[in-house]
Each structure stands twice: as structure tokens, then as C-alpha cells.
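Participant: Provided below: my_file.pdb, containing PDB, C-alpha atoms and all ligand atoms.
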ATOM      1  CA  MET X   1      38.357 -38.618 -36.836
ATOM      2  CA  LYS X   2      35.673 -37.084 -39.074
ATOM      3  CA  PRO X   3      33.399 -34.435 -37.456
ATOM      4  CA  LEU X   4      30.318 -36.661 -37.554
ATOM      5  CA  GLU X   5      32.173 -39.582 -35.981
ATOM      6  CA  GLN X   6      33.564 -37.270 -33.310
ATOM      7  CA  LEU X   7      30.103 -35.870 -32.591
ATOM      8  CA  ASN X   8      28.514 -39.303 -32.327
ATOM      9  CA  LYS X   9      31.260 -40.491 -30.028
ATOM     10  CA  GLU X  10      30.557 -37.543 -27.713
ATOM     11  CA  ILE X  11      26.802 -38.178 -27.834
ATOM     12  CA  ILE X  12      27.160 -41.853 -26.910
ATOM     13  CA  ALA X  13      29.272 -40.915 -23.876
ATOM     14  CA  CYS X  14      26.917 -38.139 -22.673
ATOM     15  CA  ARG X  15      25.503 -38.217 -19.123
ATOM     16  CA  LYS X  16      24.271 -34.604 -18.847
ATOM     17  CA  CYS X  17      20.675 -35.473 -17.833
ATOM     18  CA  PRO X  18      20.594 -37.498 -14.581
ATOM     19  CA  ARG X  19      16.911 -38.465 -14.900
ATOM     20  CA  LEU X  20      17.377 -39.812 -18.423
ATOM     21  CA  VAL X  21      20.653 -41.574 -17.649
ATOM     22  CA  GLU X  22      18.920 -43.400 -14.806
ATOM     23  CA  TRP X  23      15.869 -44.265 -16.911
ATOM     24  CA  ARG X  24      17.680 -45.463 -20.048
ATOM     25  CA  GLU X  25      19.989 -47.670 -17.950
ATOM     26  CA  GLU X  26      17.163 -49.015 -15.769
ATOM     27  CA  VAL X  27      15.134 -49.973 -18.859
ATOM     28  CA  ALA X  28      18.220 -51.650 -20.322
ATOM     29  CA  ARG X  29      18.761 -53.593 -17.125
ATOM     30  CA  VAL X  30      15.167 -54.709 -16.484
ATOM     31  CA  LYS X  31      14.256 -55.241 -20.189
ATOM     32  CA  ARG X  32      10.906 -56.162 -21.683
ATOM     33  CA  LYS X  33      10.064 -59.858 -21.433
ATOM     34  CA  ALA X  34      10.047 -60.284 -25.217
ATOM     35  CA  TYR X  35      13.656 -59.054 -25.394
ATOM     36  CA  LYS X  36      15.006 -60.604 -22.203
ATOM     37  CA  ASP X  37      17.799 -62.430 -24.034
ATOM     38  CA  GLU X  38      18.978 -59.313 -25.883
ATOM     39  CA  GLU X  39      21.631 -56.908 -24.748
ATOM     40  CA  TYR X  40      20.079 -53.450 -24.699
ATOM     41  CA  TRP X  41      22.028 -50.468 -26.002
ATOM     42  CA  GLY X  42      21.043 -48.372 -22.953
ATOM     43  CA  LYS X  43      23.050 -45.289 -24.024
ATOM     44  CA  PRO X  44      22.315 -42.089 -25.953
ATOM     45  CA  VAL X  45      21.415 -42.865 -29.562
ATOM     46  CA  PRO X  46      23.420 -40.900 -32.167
ATOM     47  CA  GLY X  47      22.131 -39.947 -35.603
ATOM     48  CA  PHE X  48      22.747 -42.224 -38.572
ATOM     49  CA  GLY X  49      22.504 -42.291 -42.344
ATOM     50  CA  ASP X  50      24.109 -40.605 -45.317
ATOM     51  CA  SER X  51      26.668 -37.998 -44.228
ATOM     52  CA  GLN X  52      26.145 -36.219 -47.584
ATOM     53  CA  ALA X  53      22.368 -36.157 -47.130
ATOM     54  CA  ARG X  54      20.239 -33.347 -48.439
ATOM     55  CA  VAL X  55      17.363 -34.394 -46.163
ATOM     56  CA  LEU X  56      17.694 -34.362 -42.378
ATOM     57  CA  VAL X  57      14.914 -36.061 -40.396
ATOM     58  CA  VAL X  58      14.428 -34.974 -36.780
ATOM     59  CA  GLY X  59      12.484 -37.238 -34.445
ATOM     60  CA  LEU X  60      11.604 -36.810 -30.792
ATOM     61  CA  ALA X  61      13.652 -39.242 -28.665
ATOM     62  CA  PRO X  62      14.548 -42.942 -28.508
ATOM     63  CA  GLY X  63      11.823 -45.401 -27.595
ATOM     64  CA  ALA X  64      12.551 -47.301 -24.386
ATOM     65  CA  HIS X  65      12.429 -50.732 -26.033
ATOM     66  CA  GLY X  66      13.053 -49.513 -29.579
ATOM     67  CA  SER X  67      16.231 -47.562 -30.210
ATOM     68  CA  ASN X  68      17.237 -47.652 -26.533
ATOM     69  CA  ARG X  69      17.422 -51.407 -27.157
ATOM     70  CA  THR X  70      18.879 -51.483 -30.663
ATOM     71  CA  GLY X  71      21.040 -48.335 -30.607
ATOM     72  CA  ARG X  72      19.702 -46.920 -33.871
ATOM     73  CA  ASN X  73      16.935 -44.362 -34.301
ATOM     74  CA  PHE X  74      13.455 -45.751 -35.041
ATOM     75  CA  THR X  75      14.823 -49.300 -35.088
ATOM     76  CA  GLY X  76      12.928 -52.015 -33.256
ATOM     77  CA  ASP X  77       9.589 -50.392 -32.528
ATOM     78  CA  ALA X  78       6.258 -49.599 -34.151
ATOM     79  CA  SER X  79       7.257 -46.067 -35.183
ATOM     80  CA  GLY X  80      10.110 -47.479 -37.246
ATOM     81  CA  GLY X  81       7.773 -50.134 -38.611
ATOM     82  CA  PHE X  82       5.757 -47.271 -40.087
ATOM     83  CA  LEU X  83       8.674 -45.034 -41.043
ATOM     84  CA  PHE X  84      11.084 -47.291 -42.914
ATOM     85  CA  PRO X  85       8.574 -48.814 -45.372
ATOM     86  CA  ALA X  86       7.618 -45.231 -46.269
ATOM     87  CA  LEU X  87      11.268 -44.249 -46.735
ATOM     88  CA  HIS X  88      11.792 -47.347 -48.862
ATOM     89  CA  ARG X  89       8.792 -46.492 -51.065
ATOM     90  CA  ALA X  90      10.191 -42.983 -51.502
ATOM     91  CA  GLY X  91      13.680 -44.233 -52.385
ATOM     92  CA  PHE X  92      15.415 -42.945 -49.263
ATOM     93  CA  ALA X  93      16.063 -46.417 -47.807
ATOM     94  CA  ASN X  94      17.344 -49.573 -49.465
ATOM     95  CA  GLN X  95      14.965 -51.797 -47.484
ATOM     96  CA  ALA X  96      11.641 -51.574 -45.695
ATOM     97  CA  GLU X  97      12.271 -54.053 -42.893
ATOM     98  CA  VAL X  98      14.617 -53.065 -40.095
ATOM     99  CA  GLU X  99      15.444 -54.803 -36.841
ATOM    100  CA  SER X 100      18.981 -54.077 -35.662
ATOM    101  CA  ARG X 101      22.100 -52.030 -36.363
ATOM    102  CA  SER X 102      23.410 -54.897 -38.495
ATOM    103  CA  ASP X 103      20.340 -55.430 -40.703
ATOM    104  CA  GLY X 104      21.927 -53.913 -43.828
ATOM    105  CA  LEU X 105      19.846 -50.735 -43.868
ATOM    106  CA  ILE X 106      21.357 -47.951 -45.953
ATOM    107  CA  LEU X 107      19.814 -44.508 -46.116
ATOM    108  CA  LYS X 108      20.262 -42.605 -49.353
ATOM    109  CA  ASP X 109      20.392 -38.805 -49.259
ATOM    110  CA  MET X 110      18.959 -38.889 -45.735
ATOM    111  CA  TYR X 111      20.267 -38.618 -42.182
ATOM    112  CA  ILE X 112      18.049 -39.338 -39.183
ATOM    113  CA  THR X 113      18.526 -37.663 -35.830
ATOM    114  CA  ALA X 114      16.408 -36.564 -32.861
ATOM    115  CA  ALA X 115      15.707 -33.689 -30.493
ATOM    116  CA  ALA X 116      16.734 -35.799 -27.461
ATOM    117  CA  ARG X 117      19.143 -38.733 -27.595
ATOM    118  CA  CYS X 118      18.139 -40.634 -24.485
ATOM    119  CA  ALA X 119      14.911 -42.542 -23.941
ATOM    120  CA  PRO X 120      12.656 -40.479 -21.635
ATOM    121  CA  PRO X 121       9.923 -41.808 -19.312
ATOM    122  CA  ASP X 122       6.530 -41.586 -21.089
ATOM    123  CA  ASN X 123       8.360 -40.435 -24.235
ATOM    124  CA  LYS X 124       8.501 -36.931 -22.735
ATOM    125  CA  PRO X 125      11.841 -35.203 -22.323
ATOM    126  CA  THR X 126      11.605 -32.067 -20.160
ATOM    127  CA  PRO X 127      12.387 -28.620 -21.618
ATOM    128  CA  ASP X 128      15.627 -28.609 -19.623
ATOM    129  CA  GLU X 129      16.653 -31.984 -21.080
ATOM    130  CA  LEU X 130      15.842 -30.804 -24.593
ATOM    131  CA  ASN X 131      17.923 -27.686 -23.985
ATOM    132  CA  LYS X 132      20.843 -29.754 -22.798
ATOM    133  CA  CYS X 133      20.646 -31.977 -25.875
ATOM    134  CA  GLN X 134      20.127 -29.160 -28.379
ATOM    135  CA  PRO X 135      23.842 -28.516 -29.076
ATOM    136  CA  TYR X 136      24.113 -32.024 -30.540
ATOM    137  CA  LEU X 137      21.278 -31.314 -32.959
ATOM    138  CA  GLU X 138      22.854 -27.993 -33.874
ATOM    139  CA  ARG X 139      26.076 -29.769 -34.705
ATOM    140  CA  ASP X 140      24.236 -32.393 -36.772
ATOM    141  CA  ILE X 141      22.719 -29.571 -38.810
ATOM    142  CA  GLU X 142      26.026 -27.778 -39.148
ATOM    143  CA  ILE X 143      27.878 -30.886 -40.316
ATOM    144  CA  ILE X 144      25.173 -32.349 -42.590
ATOM    145  CA  ASP X 145      24.077 -28.920 -43.889
ATOM    146  CA  PRO X 146      20.820 -30.298 -45.340
ATOM    147  CA  ASN X 147      18.545 -28.602 -47.862
ATOM    148  CA  VAL X 148      15.398 -29.961 -46.226
ATOM    149  CA  ILE X 149      14.703 -30.623 -42.539
ATOM    150  CA  VAL X 150      11.736 -32.909 -41.911
ATOM    151  CA  CYS X 151      10.385 -32.495 -38.376
ATOM    152  CA  LEU X 152       8.532 -35.542 -37.120
ATOM    153  CA  GLY X 153       6.164 -34.038 -34.577
ATOM    154  CA  ARG X 154       5.716 -30.733 -32.856
ATOM    155  CA  VAL X 155       8.556 -31.143 -30.341
ATOM    156  CA  ALA X 156      11.117 -31.589 -33.130
ATOM    157  CA  PHE X 157       9.625 -28.654 -35.036
ATOM    158  CA  GLU X 158       9.730 -26.321 -32.026
ATOM    159  CA  ARG X 159      13.334 -27.322 -31.357
ATOM    160  CA  ILE X 160      14.312 -26.411 -34.897
ATOM    161  CA  LEU X 161      12.510 -23.064 -34.546
ATOM    162  CA  LYS X 162      14.484 -22.470 -31.345
ATOM    163  CA  ILE X 163      17.765 -23.294 -33.044
ATOM    164  CA  TYR X 164      17.088 -20.828 -35.839
ATOM    165  CA  GLY X 165      15.520 -18.195 -33.548
ATOM    166  CA  LEU X 166      12.186 -18.373 -35.401
ATOM    167  CA  ARG X 167       8.844 -17.372 -33.866
ATOM    168  CA  GLY X 168       6.099 -19.938 -33.386
ATOM    169  CA  SER X 169       3.499 -17.260 -34.149
ATOM    170  CA  VAL X 170       4.815 -17.154 -37.733
ATOM    171  CA  TYR X 171       5.906 -20.752 -38.241
ATOM    172  CA  LYS X 172       3.066 -23.029 -37.229
ATOM    173  CA  PHE X 173       3.140 -26.782 -36.948
ATOM    174  CA  ALA X 174       0.679 -28.672 -39.140
ATOM    175  CA  HIS X 175       1.022 -31.896 -41.085
ATOM    176  CA  ALA X 176       2.628 -31.180 -44.473
ATOM    177  CA  ALA X 177       3.239 -27.518 -43.644
ATOM    178  CA  SER X 178       6.461 -26.307 -45.261
ATOM    179  CA  TYR X 179       8.511 -23.154 -44.859
ATOM    180  CA  GLN X 180      11.558 -21.863 -46.647
ATOM    181  CA  LEU X 181      13.974 -20.108 -44.307
ATOM    182  CA  THR X 182      16.066 -17.098 -45.214
ATOM    183  CA  ASN X 183      19.132 -19.373 -45.394
ATOM    184  CA  GLY X 184      17.392 -21.278 -48.201
ATOM    185  CA  LYS X 185      16.697 -24.419 -46.199
ATOM    186  CA  TRP X 186      13.203 -25.896 -46.110
ATOM    187  CA  LEU X 187      11.368 -27.009 -42.998
ATOM    188  CA  LEU X 188       8.768 -29.676 -43.581
ATOM    189  CA  CYS X 189       6.378 -30.789 -40.819
ATOM    190  CA  SER X 190       4.886 -34.219 -40.328
ATOM    191  CA  TYR X 191       2.920 -35.881 -37.594
ATOM    192  CA  HIS X 192       5.181 -38.265 -35.714
ATOM    193  CA  PRO X 193       4.727 -41.916 -36.795
ATOM    194  CA  SER X 194       3.996 -43.043 -33.223
ATOM    195  CA  GLN X 195       1.318 -45.651 -32.658
ATOM    196  CA  GLN X 196      -0.713 -42.948 -30.950
ATOM    197  CA  ASN X 197      -1.022 -41.306 -34.380
ATOM    198  CA  THR X 198      -0.904 -44.284 -36.734
ATOM    199  CA  LEU X 199      -3.380 -46.519 -34.865
ATOM    200  CA  THR X 200      -5.883 -43.711 -34.480
ATOM    201  CA  GLY X 201      -5.735 -42.736 -38.148
ATOM    202  CA  LYS X 202      -4.349 -39.279 -37.365
ATOM    203  CA  LEU X 203      -1.414 -40.236 -39.578
ATOM    204  CA  THR X 204      -2.223 -42.561 -42.480
ATOM    205  CA  VAL X 205       0.151 -44.258 -44.920
ATOM    206  CA  ASP X 206      -0.964 -41.869 -47.673
ATOM    207  CA  MET X 207      -0.425 -38.820 -45.484
ATOM    208  CA  PHE X 208       3.052 -40.025 -44.593
ATOM    209  CA  ASP X 209       3.958 -40.862 -48.203
ATOM    210  CA  GLN X 210       2.978 -37.313 -49.085
ATOM    211  CA  ILE X 211       5.734 -35.980 -46.796
ATOM    212  CA  TRP X 212       8.507 -37.976 -48.469
ATOM    213  CA  LYS X 213       7.225 -37.039 -51.927
ATOM    214  CA  MET X 214       7.376 -33.394 -50.883
ATOM    215  CA  ALA X 215      10.911 -33.833 -49.535
ATOM    216  CA  ARG X 216      11.963 -35.557 -52.757
ATOM    217  CA  LYS X 217      10.411 -32.791 -54.856
ATOM    218  CA  LEU X 218      12.192 -30.084 -52.870
ATOM    219  CA  ILE X 219      15.623 -31.654 -53.278
ATOM    220  CA  ASP X 220      15.086 -32.710 -56.902
ATOM    221  CA  GLU X 221      14.005 -29.239 -57.897
ATOM    222  CA  ASN X 222      16.706 -27.784 -55.638
ATOM    223  CA  ILE X 223      14.315 -24.940 -54.791
TER     224      ILE X 223
HETATM  225  S1  LIG X 301      19.336 -36.425 -23.533
HETATM  226 FE1  LIG X 301      21.106 -35.585 -24.646
HETATM  227  S2  LIG X 301      22.078 -34.145 -23.211
HETATM  228 FE2  LIG X 301      20.744 -35.508 -21.993
HETATM  229  S3  LIG X 301      22.065 -37.196 -21.315
HETATM  230 FE3  LIG X 301      21.067 -37.842 -23.228
HETATM  231  S4  LIG X 301      22.533 -37.290 -24.850
HETATM  232 FE4  LIG X 301      23.101 -36.148 -22.999
END
As C-alpha cells, please, write out the structure in this file.
Ligand code: SF4

Facilitator:
Amino acid sequence: MKPLEQLNKEIIACRKCPRLVEWREEVARVKRKAYKDEEYWGKPVPGFGDSQARVLVVGLAPGAHGSNRTGRNFTGDASGGFLFPALHRAGFANQAEVESRSDGLILKDMYITAAARCAPPDNKPTPDELNKCQPYLERDIEIIDPNVIVCLGRVAFERILKIYGLRGSVYKFAHAASYQLTNGKWLLCSYHPSQQNTLTGKLTVDMFDQIWKMARKLIDENI
């Protein structure tokens, strides 16, 4: 088995966080009315995309009725409805519309993962849960070995700083902030495409497109 397949198999079987195991399975059992006839995934959600990717995207955690339902990051909720059209415009995705693991989506030069793999209540994993999940993210980074890491939101950014032992007083989160690390990799920050940000105008389509143009520029110029 290839390392990425092995990793994802381990992630899907993980039950290290009792609170999240209970929550993800409860949500999958009760379901939202609109999806009552669907079978929810209800397990940890592994990363997906191009195993040769130069761009790694790190999100926060699965949405209760989004990827906890569909089993694929950002698939089936409003955040994905904002993300994938942007990735399609930037040439990282073959299609803008996504709905399930079998919708034909192919990511090009991009792999999408998250700081926590199980849907948390109120979209808030605890520090302890993030710590427990961190080794999976470390292994994603090790296997993919990306040139650019795009952090969607502050939680993802702080997790990456923790992994690399970087100080938050030096590396500050701001939309479109970018940093080159001593290992040559780039960190690129973006507001998370949650409805909380997109409906309030904190993150606009133009602001989000800017992120993917920056990522494209960094890999094309191989800086
Ligand atoms: S959040 Fe991560 S460490 Fe915790 S149970 Fe889910 S996959 Fe395991």
C-alpha cells in the first residue's frame, strides 16, 4: 500500500477523541432533514487530491452536514460552494460544482487536508483534539512535500506554525500574508471560506481569487 493510502486508512479508522467520535456519529445518525435519505459518512475525513501536488491546502475540520456527510473535505456545504469555483477559476480543479465523492472532481497540483479530521460541535475542535490529530497533518506534509501551504483560517495557520516550531510573534495571520520558511516552503494565509466570512463580506470572491493567483505564481516561478 502506498504511504498516502496507508495514512488515509489509519485516519478513517481513528477514534482518539471521544467527544468528536460521539458527535460525528450522532450527527450521522440523526441527520439533517434535507439529507434524511442519505447515508452519512460519519467517520474521520482523510485528505484528497493530487498526490504529486505542489500546493497543500489546510482547512479547519469537517462540517457536520458537509464532509461529515459526504466523506470528502469541503464537499456538500457552503464553504465548498465558495472554494471549488475559485479553485476551478484558478485551474486547480477540473470542475466548479461538487456534491459527492463520486462527482468526478479532480484536483490538479493540489491536495486538500485539515487540522482536525472529525466534525466538531460548533466547528470548534479543542486544543487537545487538534494536538491528537496533528500527527496526521504532519504525515500529509511529509508525504506530499508541497512547495506552498495555503492555510484557510487562523486555526490551520497556527497548527502549521506549531508543526514547524515557528513563533506567532514573527509569523502573523492576515489574509494574503505569505512567508517563506527556511526549508524553502511558502506559507500563504487566507480567511476561511465559511459562511461567517463570505456572507458578511469579510472574504469576497476577489479576495479569495487573489489567494489562488498567489499560490499559482509561487509554484510557477518556483521561488
Ligand atoms: S479528530 Fe483526528 S485524532 Fe481525533 S478522532 Fe478524529 S481523526 Fe482521530

Participant: Hey, can you pull every residue with an atom no more than 7 Å from (18.1, -26.5, -46.5), using all atoms listed in the file, and send it as a list in words?

Facilitator: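 Nearby residues: Asp145, Pro146, Asn147, Val148, Ile149, Gly184, Lys185 and Trp186 of chain X.
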
Participant: Give me, as a VMD selection string, all polymer residues having an atom no more than 12 Å from Phe208 in chain X, counting only C-alpha atoms and skipping those fewer than 2 positions away in the same chain.

Facilitator: chain X and resid 79 82 to 87 89 to 90 150 152 175 to 176 188 to 194 197 to 198 201 to 206 210 to 215

Participant: Return as a PyMOL selection string the residues of protein, DNA or RNA that approach ligand LIG 301 (chain X) to within 8 Å, with only C-alpha atoms and all ligand atoms taken into account.

Facilitator: chain X and resi 11-18+20-21+43-45+116-119+125+129-134+136

Participant: Around (21.8, -41.6, -37.4) in the file's own coordinates, what residues are found within 8 Å if you use only C-alpha atoms, given back as a ChimeraX atom specification?

Facilitator: /X:45-49,72-73,111-113

Participant: Find the spatial neighbours of range 102-104 of chain X, counting all atoms listed in the file, within a cut-off of 12 Å - ignore same-chain residues fewer than 2 positions away - and output them as a PDB file with C-alpha atoms, keeping the file's coordinate frame.

Facilitator:
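That gives us out36.pdb:
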ATOM      1  CA  GLY X  49      22.504 -42.291 -42.344  1.00  0.00           C
ATOM      2  CA  THR X  70      18.879 -51.483 -30.663  1.00  0.00           C
ATOM      3  CA  GLY X  71      21.040 -48.335 -30.607  1.00  0.00           C
ATOM      4  CA  ARG X  72      19.702 -46.920 -33.871  1.00  0.00           C
ATOM      5  CA  THR X  75      14.823 -49.300 -35.088  1.00  0.00           C
ATOM      6  CA  GLY X  76      12.928 -52.015 -33.256  1.00  0.00           C
ATOM      7  CA  ALA X  93      16.063 -46.417 -47.807  1.00  0.00           C
ATOM      8  CA  ASN X  94      17.344 -49.573 -49.465  1.00  0.00           C
ATOM      9  CA  GLN X  95      14.965 -51.797 -47.484  1.00  0.00           C
ATOM     10  CA  ALA X  96      11.641 -51.574 -45.695  1.00  0.00           C
ATOM     11  CA  GLU X  97      12.271 -54.053 -42.893  1.00  0.00           C
ATOM     12  CA  VAL X  98      14.617 -53.065 -40.095  1.00  0.00           C
ATOM     13  CA  GLU X  99      15.444 -54.803 -36.841  1.00  0.00           C
ATOM     14  CA  SER X 100      18.981 -54.077 -35.662  1.00  0.00           C
ATOM     15  CA  ILE X 106      21.357 -47.951 -45.953  1.00  0.00           C
ATOM     16  CA  LEU X 107      19.814 -44.508 -46.116  1.00  0.00           C
TER      17      LEU X 107
END

Participant: Which distance in Å separates CA of Arg19 in chain X and CA of Glu39 in chain X, to one decimal?

Facilitator: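 CA of Glu39 in chain X lies at a distance of 21.4 Å from CA of Arg19 in chain X.
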
Participant: Quick check, in Å to one decimal: how far apart do CA of Phe74 in chain X and CA of Val57 in chain X lie?

Facilitator: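 Between CA of Phe74 in chain X and CA of Val57 in chain X the gap is 11.2 Å.
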
Participant: Nearest to Gly42 in chain X among X:Ala177, X:Ala28, X:Leu218, X:Leu199, with distances taken over all atoms listed in the file: which residue is it?

Facilitator: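 Among X:Ala177, X:Ala28, X:Leu218, X:Leu199, it is X:Ala28 that comes nearest to Gly42 in chain X.
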
Participant: Would you mind telling me which residue in X:Leu181, X:Ala174, X:Ile141, X:Ala61 lies nearest to Thr126 in chain X when using all atoms listed in the file?

Facilitator: X:Ala61

Participant: Calculated over only C-alpha atoms, which of the candidates X:Lys217, X:Asp209, X:Leu56, X:Asn123 has the smallest distance to Leu187 in chain X?

Facilitator: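 When distances to Leu187 in chain X are compared using only C-alpha atoms, the smallest one comes from X:Leu56.
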
Participant: Have a look at X:Asp122, X:Glu221, X:Glu10, X:Asp50 and name the one nearest to His65 in chain X; count only C-alpha atoms.

Facilitator: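 With only C-alpha atoms as the atom set, the closest residue is X:Asp122.
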
Participant: Which residues would end up in the selection if the PyMOL selection byres (((chain X and resi 4) around 8) and not hetatm) were applied here, given that I need the answer as a list in words?

Facilitator: Lys2, Pro3, Glu5, Gln6, Leu7, Asn8, Ser51, Asp140 and Ile143 of chain X

Participant: Need the shell around Arg159 in chain X: protein/DNA/RNA residues with any atom at most 10 Å away, counting all atoms listed in the file. Skip same-chain ones fewer than 4 positions apart. Format as a short mmCIF file (atom, residue, chain, number, x, y, z; two decimals) with C-alpha atoms, in the frame of the given file?

Facilitator:
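Saved to selection10.cif:
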data_model
loop_
_atom_site.label_atom_id
_atom_site.label_comp_id
_atom_site.auth_asym_id
_atom_site.auth_seq_id
_atom_site.Cartn_x
_atom_site.Cartn_y
_atom_site.Cartn_z
CA VAL X 58 14.43 -34.97 -36.78
CA LEU X 60 11.60 -36.81 -30.79
CA ALA X 114 16.41 -36.56 -32.86
CA ALA X 115 15.71 -33.69 -30.49
CA ALA X 116 16.73 -35.80 -27.46
CA PRO X 127 12.39 -28.62 -21.62
CA LEU X 130 15.84 -30.80 -24.59
CA ASN X 131 17.92 -27.69 -23.98
CA GLN X 134 20.13 -29.16 -28.38
CA LEU X 137 21.28 -31.31 -32.96
CA GLU X 138 22.85 -27.99 -33.87
CA CYS X 151 10.38 -32.49 -38.38
CA ARG X 154 5.72 -30.73 -32.86
CA VAL X 155 8.56 -31.14 -30.34
CA ILE X 163 17.76 -23.29 -33.04
CA TYR X 164 17.09 -20.83 -35.84
CA GLY X 165 15.52 -18.20 -33.55
CA LEU X 166 12.19 -18.37 -35.40
#

Participant: Hey, can you check how far CA of Ile160 in chain X sits from CA of Ile219 in chain X?

Facilitator: 19.2 Å

Participant: As JSON, please: the centre and edge lengths in Å, to one decimal, of an axis-aligned box enclosing every listed atom of range 29-34 of chain X with 6 Å added on each side.

Facilitator:
{"center_x": 14.4, "center_y": -56.9, "center_z": -20.9, "size_x": 20.7, "size_y": 18.7, "size_z": 20.7}

Participant: Which is closest to Arg216 in chain X among X:Ala78, X:Val27, X:Met110, X:Leu161, if we use all atoms listed in the file?

Facilitator: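 Among the listed residues, the smallest separation from Arg216 in chain X belongs to X:Met110.
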